Amino acid sequence: MQPSVCLPVLFQKWFTEKGWEPRPHQLQLLEKGRAGRSTLLIAPTGAGKTLAGFLPTLDDLMSSPERIHNGAGLHTLYISPLKALAVDIERNLKIPINDMELPITVETRSGDTSQAKRRRQRTRPPDILLTTPEQLALLLSNQDGAFLFKDLKTVIIDELHVLAGSKRGDLLALGLTQLRSIVSNLLTIGLSATVARPTELRAYLMPQYNPARQIDIADLVYLKSQIEPNISILKTKKPLPWFGHASRHAITEIYDKIQKHRLTLIFVNTRSQAELLFQELWNANEDNLPIALHHGSLNSERRRKVEAAMVKGGLKAVVCTSTLDLGIDWGDVDLVINIGAPKGASRLIQRIGRSNHRLDEPSKALLVPSNRFEVLECRAAMDAVQTNSQDAILIRTGTLDVLAQHIMSVACAGPFMMNNLYLEVRSAQPYSDLSREMFERVLDFVSTGGYALRAYERFARIKLTKDGQLRLAHPRLAKQHRLNIGTIITSPMINIRLIRHSMRSSKRKGKTLIGGKILGEVEEYFISELKIGDAFVFAGQVLRFEGMRETEAYVSQATSLDPIIPSYQGGKFPLSTNLAVRVRKMLADGGANLGLPTPVTEWLQLQRDASILPNANEVLVETFLRQKRSYLVVYPFEGRLAHQTLGMLLTRRLQRADLHPLGFVANDYALSIWCARDIGYILETGASSIAQLFDEDMLGDDLEAWLAESGLMKRTFRMCAVIAGLIERHHPGKTKTGRQMTASSDLMFDMLRKYDPNHVLLEAAWNDAATGLLDIARLGQFLNRIKGQIRHINLNKVSPLSVPILLEIGREWVQLDESDDLLRHVTLELVSEAGLM
Amino acid sequence: MIELPLKFKLYPQYKYHTHSSSLYRESLIADASGALYWPSENLLVISDMHLEKGSSSAAKGMFLPPYDTRDTLLRLANVIKSYKAKTIVSLGDSFHDKLAFNRIRREDLEFLHLIQDGRRWIWINGNHDPEIPSKVGGECFDELQINGLILRHKPSSKKSIYEIAGHMHPSAKISLYGKNIRRPCFIFNRKRLIMPAFGSYTGGLNILDSAFVPLFRDDKFCVWMQGDKDIYPIDINKLQKDRTPV
């Protein structure tokens, strides 16, 4: 359907001068804007999505020039998940504005914006402000929010599929309700890549006033990609490895592809893989090709340099992590290589979209599986992309810690009525099911800590006034709170600083380190494992650790044949359910008719001969003896997180059954546990049944008991405690170090479990754990699905399918959660050194 | 998930030698709770309880769970019970601040009186609680001398003195298998012993901090770390510094 609107004359002229034609979806958005209809635009990368999003704003501003002379407030807010994206949009948006000489002001606002500029933005705002969800929350926690946003017409949310479904999305949804309380008839425009269930995103954009009766959803403009991407799996001369994620075997072929293309983007899943691959490519780089590295730990200046070089066409290839996933136009990419497992179809589609950023040419992508299982996963992802089958964004309810933060922000902005705030919060889609009781518990937490022991009433942060309003007790509290706004809690990071030179002082033994430039930052715990003199790889160089100075690690350039690669906590995505289903099906068919590489089909054939290939509804459990140990291997394909949780719970169960479990290892596909006693024998003789072993009731008491000690649960609680404001991230004037914060949040966790087990923050942490680090939700679905569908095979030797997971033993740490075990170990070492043992 | 061939008994004793005009030795027991038991005197020492630290943060707008006083006293009651100690010495900073006595809940104060009942109870004055009101019960001293051994809050740095002190909140940090553990600890040499802080919300100072240098000059000292169930002697070469300034 052709939209009936036309562009303003000036705009049409600009398009014509550029030799462009406005695209139908751009005009459709303009039409929606003029009609005042909030809209979700789904379009592939390169479709001019951003310009489409801004068209209604530019149109409206052009038709009301009198605004400018009236000292009007902000007209449009643009929210994106990345600061860098806002900067990029500012540049692109200024092109038409300058060309047409429009009197429209555009500014960005981020953590880097100067104090003076921020203050000025609040008194004399630009027409269009480009910012992030956290900055919006900050603006809204100020008393002058009502003034700043009084003329607001439009909110544009870019990459909505990334934000919705996360805590940042919860924060933004609550921010939107606050904006709606200031201005009615707010126009919201969501920009998104293709998603499986757009209805959820459409509801996110609309206020939900009566979700019981009807869910309000925004209009949808949907632009399908017409051209199928050209994807293939890289074939290599060297044989496919059994395990690992480094893809060392494919370096020659990858290098060859880089030579043959203009600009290749090479995506990997973790920062350590990026470092490793970059190092390997560097060794292979005989022609001195300009190849760069880009990941989230490098300092922003280095990243900006790489980005600028890409745009200019000065690079042949960039090795990167998800930092380049999102929609910035990075020059003339004509090949995307994805190393290792894609983990999810949507992510792969997004990455593939980075190449040939034009709609009329197919994107070209190569998948490089780094082991046999990944071949299956790559193949599944390829099929999913070709049928445009997206991973679903999980339906989830808004988190309570973010709600607590929001309530405090509202209180900082000014007095409020409890009932009004409750209704306002519920109008946000993630919170549309929030009960009155839960709301009051969170409010109580914010005002007095929400403890069963009502000890802090007299210190209440929010107090009831005579006219029934709730009011912040002291302005000092607002200042404290603003330093803690946001939902991104990262591990404490340490700067890596290159030393300029070190002066050897003759009098003292030590060296004086003189600092040079900062290379980037790395998690504190990695540095704390290093000894002075250790070599490690960072920012694509081999570095020698020279020592700590305050919060910085000093390093020098080094050459070492055996450097350590930093391991990073972030960036390990679990396998998506969509792909897992496909992989299981492929396995059931033995990978037939898919043109898989011979080593893979042979491997599956061997498995069929030695054991079985389970059908798509079954789960295979194998037991066998090897080197006097009994192994149990199970293949759920539910992702590493769910497998780790399953591993912990099964181990407890086996321990109780006196089978003496000694350890376990989990990856995205399988889980292996080894015991001192023969599990296979016990299962075969019926002393213990396989159904009992995998009974769902392990999610009850066993889970509860394990969680009490689990480091993962404590980490989850820490994040909730910081977001909810129980523990402060920042004090005015000083930043709490990660170690202090960790210690105290563990204490709070233990205290609450002991004396206040129904506390709202424990509930918040539990909810997070279920979907987050422990993935209990997925494990629960799995245990339910496999009832009566478990195929146990007792073998007399290792099965072909189990080889990859067994090879990971020893490469992964065996989980030791109890500190006492470790302490005992250190003591024992001491005892044995002394010859007492 | 490691099965260890040898298990430690619940409270390994260590010999704490003291020395004055005539040579004699005292045997003391370091308990996993952070308390120190002196069998020949039937006396139990604890230090730096910082009662009501939670409510002190609440007054500043940070609502830590208000259960620290109850938790500290319960742990204290347990350790007293297991040794059947007749004399209790709290080595100072028993209360977090001067207003703690106003904030302490009636139930907690009553519980404290219950533990005190039938025992000699001695408060050593600390810098956080230089004056303890009589409603709390017990006797107050600046320091105490028992069998030539001085019990006081702040350690002196004099060489010739044999003392047990608190104040420093010693903590030790070690790394193993990629994990860091930082726990309160006893630190001692032949003449001086510094107690770990007993309170539920007390932080710790790394024993490699320069503040410990004047106390243990000769580098010959022993460190026993508190675990959840046991107390563990640690090889001092394994000790690690804190990476970030405290």
# chains A, B, ... in the order shown; residues from 1 in each chain; ligands from 1
>>> select_by_dssp(residues="segment 33-173 of chain B", states="strand (DSSP E)", output="VMD selection string")
chain B and resid 36 to 38 43 to 46 87 to 90 120 to 124 139 to 141 143 to 146 149 to 152 163 to 165 170 to 173
>>> write_last_selection(atoms="N, CA and C atoms", output="short mmCIF file (atom, residue, chain, number, x, y, z; two decimals), in the first residue's frame")
data_model
loop_
_atom_site.label_atom_id
_atom_site.label_comp_id
_atom_site.auth_asym_id
_atom_site.auth_seq_id
_atom_site.Cartn_x
_atom_site.Cartn_y
_atom_site.Cartn_z
N LEU B 36 38.60 -16.27 71.59
CA LEU B 36 39.82 -16.90 72.10
C LEU B 36 39.49 -17.43 73.49
N TYR B 37 39.81 -18.70 73.73
CA TYR B 37 39.49 -19.29 75.03
C TYR B 37 40.77 -19.61 75.79
N TRP B 38 40.73 -19.28 77.06
CA TRP B 38 41.90 -19.44 77.93
C TRP B 38 41.51 -20.47 79.00
N LEU B 43 38.35 -18.45 80.79
CA LEU B 43 38.03 -17.09 80.35
C LEU B 43 37.94 -17.03 78.83
N LEU B 44 36.96 -16.27 78.34
CA LEU B 44 36.75 -16.16 76.90
C LEU B 44 36.93 -14.70 76.48
N VAL B 45 37.73 -14.49 75.44
CA VAL B 45 37.96 -13.12 74.95
C VAL B 45 37.33 -12.96 73.57
N ILE B 46 36.62 -11.86 73.37
CA ILE B 46 36.16 -11.49 72.04
C ILE B 46 36.48 -10.01 71.86
N THR B 87 34.26 -16.30 82.80
CA THR B 87 34.62 -14.88 82.68
C THR B 87 34.65 -14.52 81.19
N ILE B 88 34.02 -13.39 80.86
CA ILE B 88 34.02 -12.93 79.48
C ILE B 88 34.70 -11.57 79.43
N VAL B 89 35.65 -11.43 78.51
CA VAL B 89 36.28 -10.12 78.32
C VAL B 89 35.99 -9.65 76.90
N SER B 90 35.32 -8.51 76.80
CA SER B 90 35.09 -7.93 75.48
C SER B 90 36.10 -6.81 75.29
N ARG B 120 31.24 -13.44 85.22
CA ARG B 120 31.92 -12.16 85.37
C ARG B 120 32.06 -11.57 83.97
N TRP B 121 31.65 -10.34 83.81
CA TRP B 121 31.61 -9.73 82.48
C TRP B 121 32.45 -8.46 82.48
N ILE B 122 33.47 -8.42 81.64
CA ILE B 122 34.38 -7.26 81.65
C ILE B 122 34.39 -6.57 80.30
N TRP B 123 34.08 -5.28 80.27
CA TRP B 123 34.20 -4.46 79.07
C TRP B 123 35.54 -3.74 79.13
N ILE B 124 36.37 -3.90 78.13
CA ILE B 124 37.55 -3.05 78.01
C ILE B 124 37.12 -1.85 77.16
N GLU B 139 31.57 -4.89 84.26
CA GLU B 139 32.54 -3.93 84.79
C GLU B 139 33.33 -3.33 83.63
N CYS B 140 33.88 -2.14 83.82
CA CYS B 140 34.66 -1.50 82.75
C CYS B 140 36.11 -1.27 83.18
N PHE B 141 37.05 -1.54 82.29
CA PHE B 141 38.46 -1.26 82.55
C PHE B 141 39.11 -0.70 81.29
N GLU B 143 42.44 -1.40 80.78
CA GLU B 143 43.15 -2.62 80.40
C GLU B 143 43.18 -3.57 81.58
N LEU B 144 43.65 -4.78 81.32
CA LEU B 144 43.56 -5.83 82.32
C LEU B 144 44.86 -6.61 82.26
N GLN B 145 45.37 -7.03 83.43
CA GLN B 145 46.58 -7.85 83.40
C GLN B 145 46.30 -9.17 84.08
N ILE B 146 46.48 -10.26 83.36
CA ILE B 146 46.25 -11.59 83.93
C ILE B 146 47.50 -12.42 83.71
N LEU B 149 50.05 -11.19 81.36
CA LEU B 149 49.61 -10.94 79.98
C LEU B 149 48.63 -9.77 80.03
N ILE B 150 48.87 -8.76 79.18
CA ILE B 150 47.99 -7.59 79.21
C ILE B 150 46.90 -7.71 78.15
N LEU B 151 45.67 -7.45 78.56
CA LEU B 151 44.55 -7.43 77.63
C LEU B 151 44.11 -5.99 77.46
N ARG B 152 44.18 -5.48 76.23
CA ARG B 152 43.79 -4.08 76.01
C ARG B 152 43.18 -3.93 74.62
N GLU B 163 50.98 -9.16 75.08
CA GLU B 163 49.62 -8.62 75.10
C GLU B 163 48.67 -9.30 74.13
N ILE B 164 47.38 -9.19 74.45
CA ILE B 164 46.31 -9.59 73.55
C ILE B 164 45.51 -8.32 73.30
N ALA B 165 45.32 -7.96 72.02
CA ALA B 165 44.63 -6.72 71.71
C ALA B 165 43.68 -6.91 70.53
N PRO B 170 42.12 -7.54 61.96
CA PRO B 170 43.00 -8.19 60.97
C PRO B 170 42.23 -9.13 60.04
N SER B 171 42.55 -9.04 58.75
CA SER B 171 41.98 -9.95 57.76
C SER B 171 43.10 -10.43 56.87
N ALA B 172 42.98 -11.66 56.38
CA ALA B 172 43.99 -12.20 55.49
C ALA B 172 43.35 -12.51 54.16
N LYS B 173 44.14 -12.38 53.09
CA LYS B 173 43.63 -12.70 51.78
C LYS B 173 44.54 -13.73 51.13
#
>>> residues_around(residues="Ile776 of chain A", least_positions_apart="2", cutoff="9 Å", atoms="only C-alpha atoms", output="ChimeraX atom specification")
/A:641-642,645-646,699,769-774,778-781
>>> residues_around(residues="Asn495 of chain A", least_positions_apart="5", cutoff="9 Å", atoms="only C-alpha atoms", output="MDAnalysis selection string")
chainID A and resid 299 518:523 551:554
>>> select_by_dssp(residues="segment 65-148 of chain B", states="helix (DSSP H, G or I)", output="ChimeraX atom specification")
/B:68-83,100-103,106-116,134-136
>>> residues_around(residues="Pro342 of chain A", least_positions_apart="2", cutoff="10 Å", atoms="only C-alpha atoms", output="list in words")
Phe267, Val268, Asn269, Asn338, Ile339, Gly340, Gly344, Ala345, Ser346, Arg347, Leu348, Ile349, Arg351, Leu367, Val368, Pro369, Glu374, Glu377, Cys378, Arg379, Ala380, Ala381, Met382, Phe573, Pro574, Leu575, Ser576 and Leu579 of chain A
>>> write_last_selection(atoms="C-alpha atoms", output="PDB file, in the first residue's frame")
ATOM      1  CA  PHE A 267      32.704 -11.619  14.991  1.00  0.00           C
ATOM      2  CA  VAL A 268      33.621 -13.755  17.995  1.00  0.00           C
ATOM      3  CA  ASN A 269      31.614 -14.420  21.137  1.00  0.00           C
ATOM      4  CA  ASN A 338      31.202 -15.447  12.469  1.00  0.00           C
ATOM      5  CA  ILE A 339      33.651 -17.518  14.484  1.00  0.00           C
ATOM      6  CA  GLY A 340      32.362 -20.338  16.627  1.00  0.00           C
ATOM      7  CA  GLY A 344      21.077 -17.498  18.429  1.00  0.00           C
ATOM      8  CA  ALA A 345      19.544 -16.836  15.024  1.00  0.00           C
ATOM      9  CA  SER A 346      18.606 -13.228  15.779  1.00  0.00           C
ATOM     10  CA  ARG A 347      22.128 -12.308  16.770  1.00  0.00           C
ATOM     11  CA  LEU A 348      23.444 -13.924  13.616  1.00  0.00           C
ATOM     12  CA  ILE A 349      20.952 -12.045  11.438  1.00  0.00           C
ATOM     13  CA  ARG A 351      25.656  -9.559  12.502  1.00  0.00           C
ATOM     14  CA  LEU A 367      30.304 -19.311   9.520  1.00  0.00           C
ATOM     15  CA  VAL A 368      33.377 -20.900  11.073  1.00  0.00           C
ATOM     16  CA  PRO A 369      32.520 -23.708  13.495  1.00  0.00           C
ATOM     17  CA  GLU A 374      29.381 -26.197  16.519  1.00  0.00           C
ATOM     18  CA  GLU A 377      24.777 -25.387  15.574  1.00  0.00           C
ATOM     19  CA  CYS A 378      26.075 -23.362  12.615  1.00  0.00           C
ATOM     20  CA  ARG A 379      23.992 -25.448  10.277  1.00  0.00           C
ATOM     21  CA  ALA A 380      20.900 -24.950  12.457  1.00  0.00           C
ATOM     22  CA  ALA A 381      21.512 -21.206  12.573  1.00  0.00           C
ATOM     23  CA  MET A 382      21.934 -21.087   8.795  1.00  0.00           C
ATOM     24  CA  PHE A 573      25.586 -16.171  25.542  1.00  0.00           C
ATOM     25  CA  PRO A 574      23.724 -19.412  26.105  1.00  0.00           C
ATOM     26  CA  LEU A 575      22.438 -21.382  23.143  1.00  0.00           C
ATOM     27  CA  SER A 576      18.964 -20.136  22.197  1.00  0.00           C
ATOM     28  CA  LEU A 579      18.565 -23.324  17.774  1.00  0.00           C
TER      29      LEU A 579
END
>>> residues_around(residues="segment 97-105 of chain A", least_positions_apart="6", cutoff="9 Å", atoms="only C-alpha atoms", output="VMD selection string")
chain A and resid 10 to 11 14 58 61 to 62 65 68 125 to 129
>>> closest_residue(among="A:Gly647, A:Gly540, A:Gly788, A:Pro599", to="Leu277 of chain A", atoms="only C-alpha atoms")
A:Gly540
>>> residues_around(residues="Asn210 of chain A", least_positions_apart="5", cutoff="10 Å", atoms="only C-alpha atoms", output="PDB file with C-alpha atoms, in the first residue's frame")
ATOM      1  CA  ILE A 215      -3.633  -4.851  25.828  1.00  0.00           C
ATOM      2  CA  ASP A 216      -2.953  -1.618  23.975  1.00  0.00           C
ATOM      3  CA  LEU A 423      -1.399   3.236  38.628  1.00  0.00           C
ATOM      4  CA  ARG A 426       1.249  -0.381  36.146  1.00  0.00           C
ATOM      5  CA  SER A 427       0.791   1.480  32.894  1.00  0.00           C
ATOM      6  CA  SER A 432       1.174  -4.255  34.063  1.00  0.00           C
TER       7      SER A 432
END
>>> residues_around(residues="segment 192-202 of chain B", least_positions_apart="4", cutoff="8 Å", atoms="only C-alpha atoms", output="ChimeraX atom specification")
/A:744,747 /B:33-36,46-51,53-54,68-69,71-72,155,161-171,184-188,215
>>> closest_residue(among="A:Arg441, A:Arg785, A:Arg454, A:Arg500", to="chain B", atoms="only C-alpha atoms")
A:Arg454
>>> atom_distance(atom1="atom CA of Glu159 of chain A", atom2="atom CA of Thr132 of chain A")
11.5 Å
>>> atom_distance(atom1="atom CA of Val336 of chain A", atom2="atom CA of Lys364 of chain A")
6.4 Å
>>> closest_residue(among="A:Asn758, A:Ser447, A:Thr397, A:Ser799", to="chain B", atoms="only C-alpha atoms")
A:Ser447
>>> closest_residue(among="B:Asp31, B:Lys86, B:Asn189, B:Arg106", to="chain A", atoms="only C-alpha atoms")
B:Arg106
